[in-house]
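Undergrad: Structure in structure tokens, see below.
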Amino acid sequence: MVGIFTELENYGHEQVACFQDKESGLKTIIGIHSTVLGPALGGCRMWPYTDEAAALRDVLRLARGMTYKAAVANLKLGGGKAVIIGDSRTQKTPQLLKAFGRCVDSLGGRYITAEDVGMKVNDIDTIRTQTKHAVGGSNEGGSGDPSIMTAFGTFQGMKAALKFAGLGEDFEGIKVAIQGVGNVGYHLSSYLSAAGAKLYVTDIYPNQIERVINEFGATPVGPDEIYGVDCEVFAPCALGAILNAKTIPQLKAKVIAGCANNQLETESNGFELFKRGVVYAPDYAINAGGLINVAAELDGYNKEVVLGKVSQIHNTIMSILTRSKDEGIPPHVAADRVAEQRLIDAKQGRFAVKS
């Protein structure tokens, strides 16, 4: 069995904290990957993990991704993440959320929480009754649901990826296969439908599929068939590790651009996509809109300013893809190099955040 400190070293984490609350049933792990650029900000995910090892692995991967996401987005924030082990549809209670809020508060601001899978705006409101270190709520100056901005930023980045692939930026008639049409996937579907795209969708929840069928005329596809859809763009918008040795050979899309975190199961999968000539928009670079949105609460929220910053994801993705081409490296490596250089600069006291 791999030891906890070996895991921390492998992922480069500063701290991992485990909490439980017997009365509410809370079991949570909070990972703080880096505070080099500022306090670690990242959402809380509630999911019925198969075991504790799977929950730990998820929080470590997600927290590291948040460090890189904040660095590429040029934010004065580090990366962190929390997971609550449990089914959000049947086990989430106000008592559990308040217990989680107390856990966050005990970290003294080193970690700031927000929404992720299984969490909603009103859940953040409940958490904020126990700690000020939470963003994305509707009370006390909160900016509300960040999924709209995540989808908007992904849409902007998808346009850049489409253009880089030689397909232009006009979505009229472009076929997009979307895996996961929950909060973010739903809003992405809305942007794409309005732009004239033809949507093919799948989700583990039938009611979410029905919604995008009824509202956007989407075509439903089975969970295992979504990878092989004959389309221009594949948009992963559910859980991670879905680009792997089994799924990549099935893909017909020229572009992969979606909202999900940690889409590559392994580093080698990114190299395989590059070898196949698939244009891959690195997940943490394209889906940073939600982080940019909630981070703005820390300095006084202004929606118009946020929209302007999120729109710049188009330029970020184009820059990463261009660097990938120029240096002959996969896009995920190009994005990592941008993030890592900013972290190095910060450690050397030379980091300056753009206004």
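Each chain of the structure tokens is named A, B, ... in the order shown, its residues numbered from 1; ligands are numbered from 1 in display order.
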Pick out the residues sitting within 9 Å of Gly43 (chain A), and hand them over as a PyMOL selection string; count only C-alpha atoms, and ignore anything fewer than 5 positions along from it in its own chain.
TA: chain A and resi 80-83+112-117+119+135+291
Undergrad: Could those selected residues go to a file with N, CA and C atoms, as an mmCIF file, in the first residue's frame?
TA:
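Final output, again.cif:
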data_model
loop_
_atom_site.group_PDB
_atom_site.id
_atom_site.type_symbol
_atom_site.label_atom_id
_atom_site.label_comp_id
_atom_site.auth_asym_id
_atom_site.auth_seq_id
_atom_site.Cartn_x
_atom_site.Cartn_y
_atom_site.Cartn_z
ATOM 1 N N GLY A 80 -6.515 24.104 -4.296
ATOM 2 C CA GLY A 80 -6.984 23.168 -3.289
ATOM 3 C C GLY A 80 -8.277 22.528 -3.742
ATOM 4 N N LYS A 81 -8.714 21.511 -3.042
ATOM 5 C CA LYS A 81 -9.962 20.844 -3.375
ATOM 6 C C LYS A 81 -10.443 20.072 -2.160
ATOM 7 N N ALA A 82 -11.732 19.848 -2.107
ATOM 8 C CA ALA A 82 -12.310 19.029 -1.040
ATOM 9 C C ALA A 82 -13.228 17.992 -1.660
ATOM 10 N N VAL A 83 -13.273 16.815 -1.041
ATOM 11 C CA VAL A 83 -14.265 15.820 -1.420
ATOM 12 C C VAL A 83 -15.007 15.376 -0.160
ATOM 13 N N ILE A 112 -10.026 27.894 0.572
ATOM 14 C CA ILE A 112 -11.323 28.543 0.327
ATOM 15 C C ILE A 112 -12.145 27.595 -0.528
ATOM 16 N N THR A 113 -13.347 27.264 -0.097
ATOM 17 C CA THR A 113 -14.156 26.292 -0.814
ATOM 18 C C THR A 113 -15.176 26.949 -1.733
ATOM 19 N N ALA A 114 -15.757 26.138 -2.613
ATOM 20 C CA ALA A 114 -16.767 26.602 -3.575
ATOM 21 C C ALA A 114 -17.521 25.369 -4.078
ATOM 22 N N GLU A 115 -18.385 25.542 -5.098
ATOM 23 C CA GLU A 115 -19.142 24.421 -5.640
ATOM 24 C C GLU A 115 -18.291 23.528 -6.526
ATOM 25 N N ASP A 116 -18.664 22.265 -6.555
ATOM 26 C CA ASP A 116 -18.192 21.306 -7.550
ATOM 27 C C ASP A 116 -19.326 20.287 -7.705
ATOM 28 N N VAL A 117 -19.010 19.150 -8.301
ATOM 29 C CA VAL A 117 -20.007 18.115 -8.543
ATOM 30 C C VAL A 117 -20.731 17.756 -7.242
ATOM 31 N N MET A 119 -22.698 19.692 -5.486
ATOM 32 C CA MET A 119 -22.933 20.840 -4.609
ATOM 33 C C MET A 119 -23.623 21.950 -5.385
ATOM 34 N N VAL A 135 -16.836 30.691 -1.310
ATOM 35 C CA VAL A 135 -17.295 31.601 -2.365
ATOM 36 C C VAL A 135 -18.235 30.852 -3.305
ATOM 37 N N LEU A 291 -13.648 29.438 -11.833
ATOM 38 C CA LEU A 291 -12.667 29.892 -10.850
ATOM 39 C C LEU A 291 -12.478 31.398 -10.929
#
Undergrad: List every residue of region 25-90 of chain A that has an atom at most 12 Å from any atom of region 253-273 of chain A, and for each one report the closest atom pair and its distance in Å to one decimal, counting only C-alpha atoms, with rows sorted by chain and then by increasing residue number, as CSV.
TA:
residue,atom,partner,partner_atom,distance
A:Gly42,CA,A:Asn261,CA,11.8
A:Gly43,CA,A:Asn261,CA,11.5
A:Arg45,CA,A:Asn261,CA,11.7
A:Arg57,CA,A:Asn262,CA,11.6
A:Asp58,CA,A:Asn262,CA,9.2
A:Val59,CA,A:Asn262,CA,11.0
A:Leu60,CA,A:Asn262,CA,10.9
A:Arg61,CA,A:Asn262,CA,7.2
A:Leu62,CA,A:Asn262,CA,7.0
A:Ala63,CA,A:Asn261,CA,10.3
A:Arg64,CA,A:Asn262,CA,9.8
A:Gly65,CA,A:Asn262,CA,7.2
A:Met66,CA,A:Asn261,CA,9.2
A:Tyr68,CA,A:Asn262,CA,11.4
A:Lys69,CA,A:Asn261,CA,10.1
A:Lys81,CA,A:Asn261,CA,11.8
Undergrad: Under the rule that only C-alpha atoms are counted, which of A:Asn10, A:Gln179, A:Thr150, A:Thr322 is the nearest residue to Ile286 (chain A)?
TA: A:Thr150
Undergrad: Do you know which residues are at most 10 Å from His332 (chain A) counting only C-alpha atoms, after dropping those on the same chain fewer than 6 positions away, and could you put them as a list in words?
TA: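 Neighbouring residues, sequence-local ones excluded: Leu264, Glu267, Gly270, Phe271, Phe274, Tyr280, Ala281, Pro282, Asp283, Tyr284, Ala285, Ile320, Leu321 and Ser324 of chain A.
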Undergrad: So, with only C-alpha atoms as the atoms that count, which of A:Gly12, A:Val72, A:Met318, A:Val310 lies closest to Arg337 (chain A)?
TA: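 Under the stated criterion, the closest residue is A:Val72.
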Undergrad: As a compact mmCIF listing (two decimals) with N, CA and C atoms, in the first residue's frame, list the residues of region 42-288 of chain A assigned to strand (DSSP E) by DSSP on the backbone atoms of this structure.
TA:
# COMPACT_ATOMS: atom_id res chain seq x y z
N CYS A 44 -15.75 21.97 -3.64
CA CYS A 44 -15.99 20.76 -2.88
C CYS A 44 -16.86 19.83 -3.73
N ARG A 45 -16.42 18.61 -3.87
CA ARG A 45 -17.14 17.59 -4.64
C ARG A 45 -17.73 16.56 -3.68
N MET A 46 -19.03 16.28 -3.81
CA MET A 46 -19.66 15.21 -3.03
C MET A 46 -19.99 14.07 -3.96
N TRP A 47 -19.39 12.90 -3.67
CA TRP A 47 -19.52 11.77 -4.59
C TRP A 47 -19.43 10.45 -3.82
N GLY A 78 -3.73 29.92 -4.91
CA GLY A 78 -3.17 28.59 -5.03
C GLY A 78 -4.28 27.60 -5.34
N GLY A 79 -3.94 26.31 -5.24
CA GLY A 79 -4.89 25.28 -5.60
C GLY A 79 -5.23 24.36 -4.46
N GLY A 80 -6.51 24.10 -4.30
CA GLY A 80 -6.98 23.17 -3.29
C GLY A 80 -8.28 22.53 -3.74
N LYS A 81 -8.71 21.51 -3.04
CA LYS A 81 -9.96 20.84 -3.38
C LYS A 81 -10.44 20.07 -2.16
N ALA A 82 -11.73 19.85 -2.11
CA ALA A 82 -12.31 19.03 -1.04
C ALA A 82 -13.23 17.99 -1.66
N VAL A 83 -13.27 16.81 -1.04
CA VAL A 83 -14.27 15.82 -1.42
C VAL A 83 -15.01 15.38 -0.16
N ILE A 84 -16.30 15.20 -0.31
CA ILE A 84 -17.13 14.61 0.73
C ILE A 84 -17.57 13.25 0.21
N ILE A 85 -17.33 12.21 0.99
CA ILE A 85 -17.69 10.86 0.57
C ILE A 85 -19.16 10.63 0.88
N TYR A 111 -7.44 27.36 2.88
CA TYR A 111 -8.29 26.77 1.84
C TYR A 111 -9.63 27.52 1.79
N ILE A 112 -10.03 27.89 0.57
CA ILE A 112 -11.32 28.54 0.33
C ILE A 112 -12.14 27.59 -0.53
N LYS A 175 -20.91 19.53 -35.46
CA LYS A 175 -21.43 18.48 -34.58
C LYS A 175 -20.55 18.39 -33.33
N VAL A 176 -21.22 18.48 -32.18
CA VAL A 176 -20.52 18.44 -30.89
C VAL A 176 -21.13 17.33 -30.03
N ALA A 177 -20.30 16.42 -29.57
CA ALA A 177 -20.73 15.34 -28.67
C ALA A 177 -20.39 15.74 -27.24
N ILE A 178 -21.40 15.89 -26.41
CA ILE A 178 -21.20 16.35 -25.04
C ILE A 178 -21.44 15.21 -24.06
N GLN A 179 -20.42 14.91 -23.28
CA GLN A 179 -20.52 13.87 -22.27
C GLN A 179 -20.78 14.52 -20.92
N LYS A 198 -24.92 21.27 -33.83
CA LYS A 198 -25.75 20.08 -33.72
C LYS A 198 -25.23 19.27 -32.55
N LEU A 199 -26.08 19.01 -31.54
CA LEU A 199 -25.63 18.41 -30.30
C LEU A 199 -25.99 16.93 -30.19
N TYR A 200 -25.03 16.15 -29.70
CA TYR A 200 -25.22 14.75 -29.35
C TYR A 200 -24.83 14.63 -27.88
N VAL A 201 -25.71 14.11 -27.04
CA VAL A 201 -25.48 14.19 -25.60
C VAL A 201 -25.70 12.86 -24.89
N THR A 202 -24.99 12.72 -23.76
CA THR A 202 -25.22 11.59 -22.88
C THR A 202 -25.04 12.05 -21.45
N THR A 219 -29.57 15.22 -29.73
CA THR A 219 -29.76 13.80 -30.01
C THR A 219 -29.14 12.98 -28.89
N PRO A 220 -29.92 12.11 -28.22
CA PRO A 220 -29.35 11.31 -27.13
C PRO A 220 -28.48 10.18 -27.65
N VAL A 233 -16.29 17.96 -32.66
CA VAL A 233 -15.83 18.29 -31.31
C VAL A 233 -16.39 17.28 -30.31
N PHE A 234 -15.51 16.78 -29.45
CA PHE A 234 -15.93 15.97 -28.31
C PHE A 234 -15.71 16.82 -27.07
N ALA A 235 -16.78 16.99 -26.26
CA ALA A 235 -16.73 17.85 -25.08
C ALA A 235 -16.98 17.04 -23.81
N PRO A 236 -15.92 16.64 -23.11
CA PRO A 236 -16.10 15.95 -21.83
C PRO A 236 -16.54 16.94 -20.75
N VAL A 255 -11.39 17.80 -32.50
CA VAL A 255 -11.13 18.69 -31.38
C VAL A 255 -11.71 18.08 -30.10
N ILE A 256 -10.95 18.16 -29.01
CA ILE A 256 -11.47 17.81 -27.69
C ILE A 256 -11.41 19.06 -26.83
N VAL A 279 -6.71 18.00 -31.77
CA VAL A 279 -6.48 19.27 -31.08
C VAL A 279 -7.14 19.19 -29.71
N TYR A 280 -6.33 19.14 -28.67
CA TYR A 280 -6.83 19.01 -27.30
C TYR A 280 -6.63 20.32 -26.55
Undergrad: Using only C-alpha atoms, which protein or nucleic acid residues come within 9 Å of Leu77 (chain A)? Drop anything in the same chain fewer than 5 positions from it, and give the result as an MDAnalysis selection string.
TA: chainID A and resid 34:41 67 70:71 295
Undergrad: Mind dumping the selected residues with C-alpha atoms as an mmCIF file, in the first residue's frame?
TA:
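The resulting file, selection24.cif, is reproduced below:
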data_model
loop_
_atom_site.group_PDB
_atom_site.id
_atom_site.type_symbol
_atom_site.label_atom_id
_atom_site.label_comp_id
_atom_site.auth_asym_id
_atom_site.auth_seq_id
_atom_site.Cartn_x
_atom_site.Cartn_y
_atom_site.Cartn_z
ATOM 1 C CA SER A 34 -0.040 24.977 -3.183
ATOM 2 C CA THR A 35 -0.286 28.375 -1.512
ATOM 3 C CA VAL A 36 2.664 29.857 -3.415
ATOM 4 C CA LEU A 37 0.479 32.321 -5.319
ATOM 5 C CA GLY A 38 -2.107 32.796 -2.561
ATOM 6 C CA PRO A 39 -4.692 30.856 -0.532
ATOM 7 C CA ALA A 40 -5.781 27.565 -2.073
ATOM 8 C CA LEU A 41 -9.168 27.927 -3.743
ATOM 9 C CA THR A 67 -3.006 25.179 -8.754
ATOM 10 C CA ALA A 70 -5.110 29.505 -11.139
ATOM 11 C CA ALA A 71 -1.559 29.978 -12.439
ATOM 12 C CA ALA A 295 -12.214 34.486 -7.248
#
Undergrad: One number please: CA of Ala134 (chain A) to CA of Asp105 (chain A), in Å, one decimal.
TA: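 These two atoms are separated by 9.1 Å.
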Undergrad: Pick out the residues sitting within 9 Å of region 122-133 of chain A, and hand them over as a PyMOL selection string; count only C-alpha atoms, and ignore anything fewer than 2 positions along from it in its own chain.
TA: chain A and resi 94+97-106+108-115+119-120+135-140+142+144
Undergrad: Using only C-alpha atoms, which of A:Gly25, A:Asp326, A:Glu232, A:Leu75 sits nearest Lys163 (chain A)?
TA: A:Glu232
Undergrad: Just checking: using only C-alpha atoms, which residue out of A:Gly289, A:Gly349, A:Gly328, A:Pro48 ends up closest to Gly157 (chain A)?
TA: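 So, comparing all the options, the nearest one is A:Gly289.
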Undergrad: Nearest to Thr316 (chain A): which of A:Ser143, A:Asn302, A:Ser190, A:Thr154 is it, counting only C-alpha atoms?
TA: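 Residue with the minimum atom-to-atom distance to Thr316 (chain A): A:Thr154.
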Undergrad: Find, counting only C-alpha atoms, the residue in A:Lys22, A:Ile213, A:Leu251, A:Glu52 that gets nearest to Val229 (chain A).
TA: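 Between A:Lys22, A:Ile213, A:Leu251, A:Glu52, the residue approaching Val229 (chain A) most closely is A:Leu251.
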